[in-house]
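> Let me begin by handing over the structure; questions about it come next.
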Amino acid sequence: MAHLTSPDATLHASWLEAFLEFGGAHIDGAGLEGWAPEDLKDPGVFERLVGTLINDAKPETVRKPGYVPCTYLWIVEGTTVLGSLAIRHHLNEFLLNEGGHIGYSVRPSARRRGHAAKALADALPVARALGIERVLLTCDEDNSGSRATIEKNGGRYEDTRNGKRRYWIGVGKTGGPAR
């Protein structure tokens with residue numbers, strides 16, 4: 001069964017296989033901005049990426065303007081990396097309108113098996129533990145798979161901005177998601 005786990009350098013080979021499946025497309029929730037794809041094949045560079053992803057959850061970490069603290073998690077089954085998920089600790093203007101609190105991607109060969117829905121369900125208690133009471137999720141207007149994933153987890157549609165559908169899921173202070 002797939003589960004969320006912290007980024008782990010020992011999963012380099014599987015992570016790289018998953019990364020290559022995306023064929024250069026943007027990978028939501030991966031935290032790869034500023035990392036050259038070719039460099040990530042090097043185990044040393046990959047270890048630095050893992051350290052950077054883990055440290056990004058710390059409020060004191062220096063980050064680029066416009067970026068907020070973020071907890072990165074990988075969707076893993078056994079030793080196979082199936083995808084990535086990011087929980088942004090708070091919203092800035094861009095995230096409020098287009099990005100949301102949580103972004104995720106599942107590698108193409110593992111899609112349509114419920115991995116994204118389970119990962120999102122597993123991420124909601126993590127968001128609650130971070131002090132987030134209402135989680136904003138967004139997806140492209142034409143992304144029916146992500147739309148179904150969000151709605152399956154109790155997402156309530158609010159509106160569409162700049163081609164992004166915006167959904168809220170209440171996770172409250174205790175207990176499961178408020179629906």
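Starting from 1 in every chain, residues are counted up; chains themselves are A, B, ... following the order of the structure tokens, and ligands are numbered from 1 as listed.
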Hey, what's within 7 Å of segment 29-39 of chain A if we count only C-alpha atoms and toss same-chain stuff fewer than 2 positions away? As a list of chain:residue names, please?
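The residues that qualify are A:Ile27, A:Lys41, A:Asp42, A:Val45, A:Leu53, A:Ser84, A:Leu85, A:Ala86, A:Gly103, A:Tyr104, A:Ser105.
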> When DSSP is applied to the backbone of this structure, which of segment 35-164 of chain A are assigned helix (DSSP H, G or I)? Write them out as a PyMOL selection string.
chain A and resi 37-41+43-55+93-99+108-110+115-129+144-152
> Could you pull the residues within 7 Å of Ala119 of chain A, counting only C-alpha atoms, minus those fewer than 2 positions along the same chain, as a PyMOL selection string?
chain A and resi 3-4+75+115-117+121-123
> What residues in segment 28-134 of chain A get the DSSP label strand (DSSP E)? Please answer as a PyMOL selection string.
chain A and resi 70-77+80-88+102-106+134
> Would you mind exporting N, CA and C atoms of the selected residues as a PDB file, in the first residue's frame?

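Now in selection.pdb:
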```
ATOM      1  N   CYS A  70       7.389  24.963   3.331  1.00  0.00           N
ATOM      2  CA  CYS A  70       6.682  23.884   2.650  1.00  0.00           C
ATOM      3  C   CYS A  70       7.194  22.536   3.151  1.00  0.00           C
ATOM      4  N   THR A  71       6.279  21.628   3.439  1.00  0.00           N
ATOM      5  CA  THR A  71       6.634  20.256   3.799  1.00  0.00           C
ATOM      6  C   THR A  71       6.491  19.407   2.544  1.00  0.00           C
ATOM      7  N   TYR A  72       7.594  18.830   2.106  1.00  0.00           N
ATOM      8  CA  TYR A  72       7.590  17.958   0.930  1.00  0.00           C
ATOM      9  C   TYR A  72       7.516  16.509   1.378  1.00  0.00           C
ATOM     10  N   LEU A  73       6.678  15.745   0.697  1.00  0.00           N
ATOM     11  CA  LEU A  73       6.532  14.324   0.977  1.00  0.00           C
ATOM     12  C   LEU A  73       6.518  13.568  -0.343  1.00  0.00           C
ATOM     13  N   TRP A  74       6.945  12.318  -0.295  1.00  0.00           N
ATOM     14  CA  TRP A  74       6.886  11.483  -1.488  1.00  0.00           C
ATOM     15  C   TRP A  74       5.840  10.411  -1.290  1.00  0.00           C
ATOM     16  N   ILE A  75       5.184  10.044  -2.360  1.00  0.00           N
ATOM     17  CA  ILE A  75       4.220   8.948  -2.369  1.00  0.00           C
ATOM     18  C   ILE A  75       5.022   7.701  -2.751  1.00  0.00           C
ATOM     19  N   VAL A  76       5.089   6.747  -1.834  1.00  0.00           N
ATOM     20  CA  VAL A  76       5.962   5.581  -2.020  1.00  0.00           C
ATOM     21  C   VAL A  76       5.188   4.301  -1.741  1.00  0.00           C
ATOM     22  N   GLU A  77       5.461   3.305  -2.551  1.00  0.00           N
ATOM     23  CA  GLU A  77       4.924   1.960  -2.319  1.00  0.00           C
ATOM     24  C   GLU A  77       6.118   1.016  -2.307  1.00  0.00           C
ATOM     25  N   THR A  80       9.305   1.944  -4.267  1.00  0.00           N
ATOM     26  CA  THR A  80       8.994   2.594  -5.537  1.00  0.00           C
ATOM     27  C   THR A  80       8.365   3.960  -5.287  1.00  0.00           C
ATOM     28  N   VAL A  81       8.982   4.988  -5.824  1.00  0.00           N
ATOM     29  CA  VAL A  81       8.442   6.344  -5.732  1.00  0.00           C
ATOM     30  C   VAL A  81       7.349   6.494  -6.779  1.00  0.00           C
ATOM     31  N   LEU A  82       6.145   6.793  -6.307  1.00  0.00           N
ATOM     32  CA  LEU A  82       4.998   6.946  -7.193  1.00  0.00           C
ATOM     33  C   LEU A  82       4.693   8.398  -7.503  1.00  0.00           C
ATOM     34  N   GLY A  83       5.150   9.316  -6.626  1.00  0.00           N
ATOM     35  CA  GLY A  83       4.853  10.719  -6.857  1.00  0.00           C
ATOM     36  C   GLY A  83       5.339  11.592  -5.727  1.00  0.00           C
ATOM     37  N   SER A  84       4.896  12.835  -5.767  1.00  0.00           N
ATOM     38  CA  SER A  84       5.326  13.815  -4.772  1.00  0.00           C
ATOM     39  C   SER A  84       4.136  14.657  -4.343  1.00  0.00           C
ATOM     40  N   LEU A  85       4.285  15.251  -3.159  1.00  0.00           N
ATOM     41  CA  LEU A  85       3.223  16.079  -2.596  1.00  0.00           C
ATOM     42  C   LEU A  85       3.878  17.167  -1.764  1.00  0.00           C
ATOM     43  N   ALA A  86       3.357  18.366  -1.859  1.00  0.00           N
ATOM     44  CA  ALA A  86       3.878  19.504  -1.089  1.00  0.00           C
ATOM     45  C   ALA A  86       2.748  20.139  -0.312  1.00  0.00           C
ATOM     46  N   ILE A  87       3.012  20.432   0.958  1.00  0.00           N
ATOM     47  CA  ILE A  87       2.057  21.151   1.792  1.00  0.00           C
ATOM     48  C   ILE A  87       2.668  22.505   2.124  1.00  0.00           C
ATOM     49  N   ARG A  88       2.096  23.542   1.548  1.00  0.00           N
ATOM     50  CA  ARG A  88       2.579  24.901   1.816  1.00  0.00           C
ATOM     51  C   ARG A  88       1.941  25.382   3.113  1.00  0.00           C
ATOM     52  N   ILE A 102      -1.799  22.636  -1.054  1.00  0.00           N
ATOM     53  CA  ILE A 102      -1.259  21.322  -1.396  1.00  0.00           C
ATOM     54  C   ILE A 102      -1.181  21.161  -2.903  1.00  0.00           C
ATOM     55  N   GLY A 103      -0.027  20.695  -3.353  1.00  0.00           N
ATOM     56  CA  GLY A 103       0.173  20.334  -4.748  1.00  0.00           C
ATOM     57  C   GLY A 103       0.700  18.914  -4.794  1.00  0.00           C
ATOM     58  N   TYR A 104       0.337  18.165  -5.818  1.00  0.00           N
ATOM     59  CA  TYR A 104       0.779  16.770  -5.900  1.00  0.00           C
ATOM     60  C   TYR A 104       0.856  16.325  -7.353  1.00  0.00           C
ATOM     61  N   SER A 105       1.647  15.287  -7.569  1.00  0.00           N
ATOM     62  CA  SER A 105       1.768  14.651  -8.878  1.00  0.00           C
ATOM     63  C   SER A 105       1.990  13.167  -8.668  1.00  0.00           C
ATOM     64  N   VAL A 106       1.429  12.370  -9.553  1.00  0.00           N
ATOM     65  CA  VAL A 106       1.658  10.929  -9.564  1.00  0.00           C
ATOM     66  C   VAL A 106       2.280  10.583 -10.909  1.00  0.00           C
ATOM     67  N   ARG A 134      -8.227  25.167   7.206  1.00  0.00           N
ATOM     68  CA  ARG A 134      -8.908  25.046   5.918  1.00  0.00           C
ATOM     69  C   ARG A 134      -7.840  24.960   4.848  1.00  0.00           C
TER      70      ARG A 134
END
```
> Using only C-alpha atoms, which residue out of A:Gly172, A:Gly100, A:Gly163, A:Pro69 lies closest to Ile150 of chain A?
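Residue with the minimum atom-to-atom distance to Ile150 of chain A: A:Gly100.
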> Between atom CA of Asn97 of chain A and atom CA of Tyr167 of chain A, what is the distance, to one decimal in Å?
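Those two atoms sit 10.8 Å apart.
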> Between atom CA of Val135 of chain A and atom CA of Thr5 of chain A, what is the spacing in Å?
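These two atoms are separated by 19.9 Å.
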> Taking only C-alpha atoms into account, name the residue in A:His12, A:Lys64, A:Arg165, A:His89 that is nearest to Asp140 of chain A.
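Nearest to Asp140 of chain A: A:Arg165.
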> Which is closer to Arg111 of chain A than all the others in A:Gly145, A:Gly66, A:Pro59, A:Gly44, using only C-alpha atoms?
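Using only C-alpha atoms, the shortest distance to Arg111 of chain A belongs to A:Gly145.
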> Between atom CA of Ala25 of chain A and atom CA of Pro108 of chain A, what distance in Å does the model show, to one decimal?
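For atom CA of Ala25 of chain A relative to atom CA of Pro108 of chain A, the distance reads 11.1 Å.
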> Pick from A:Thr79, A:Glu47, A:Glu21, A:Ala57: nearest to Met1 of chain A, with only C-alpha atoms counted?
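Going through A:Thr79, A:Glu47, A:Glu21, A:Ala57 one by one, the smallest distance to Met1 of chain A is for A:Thr79.
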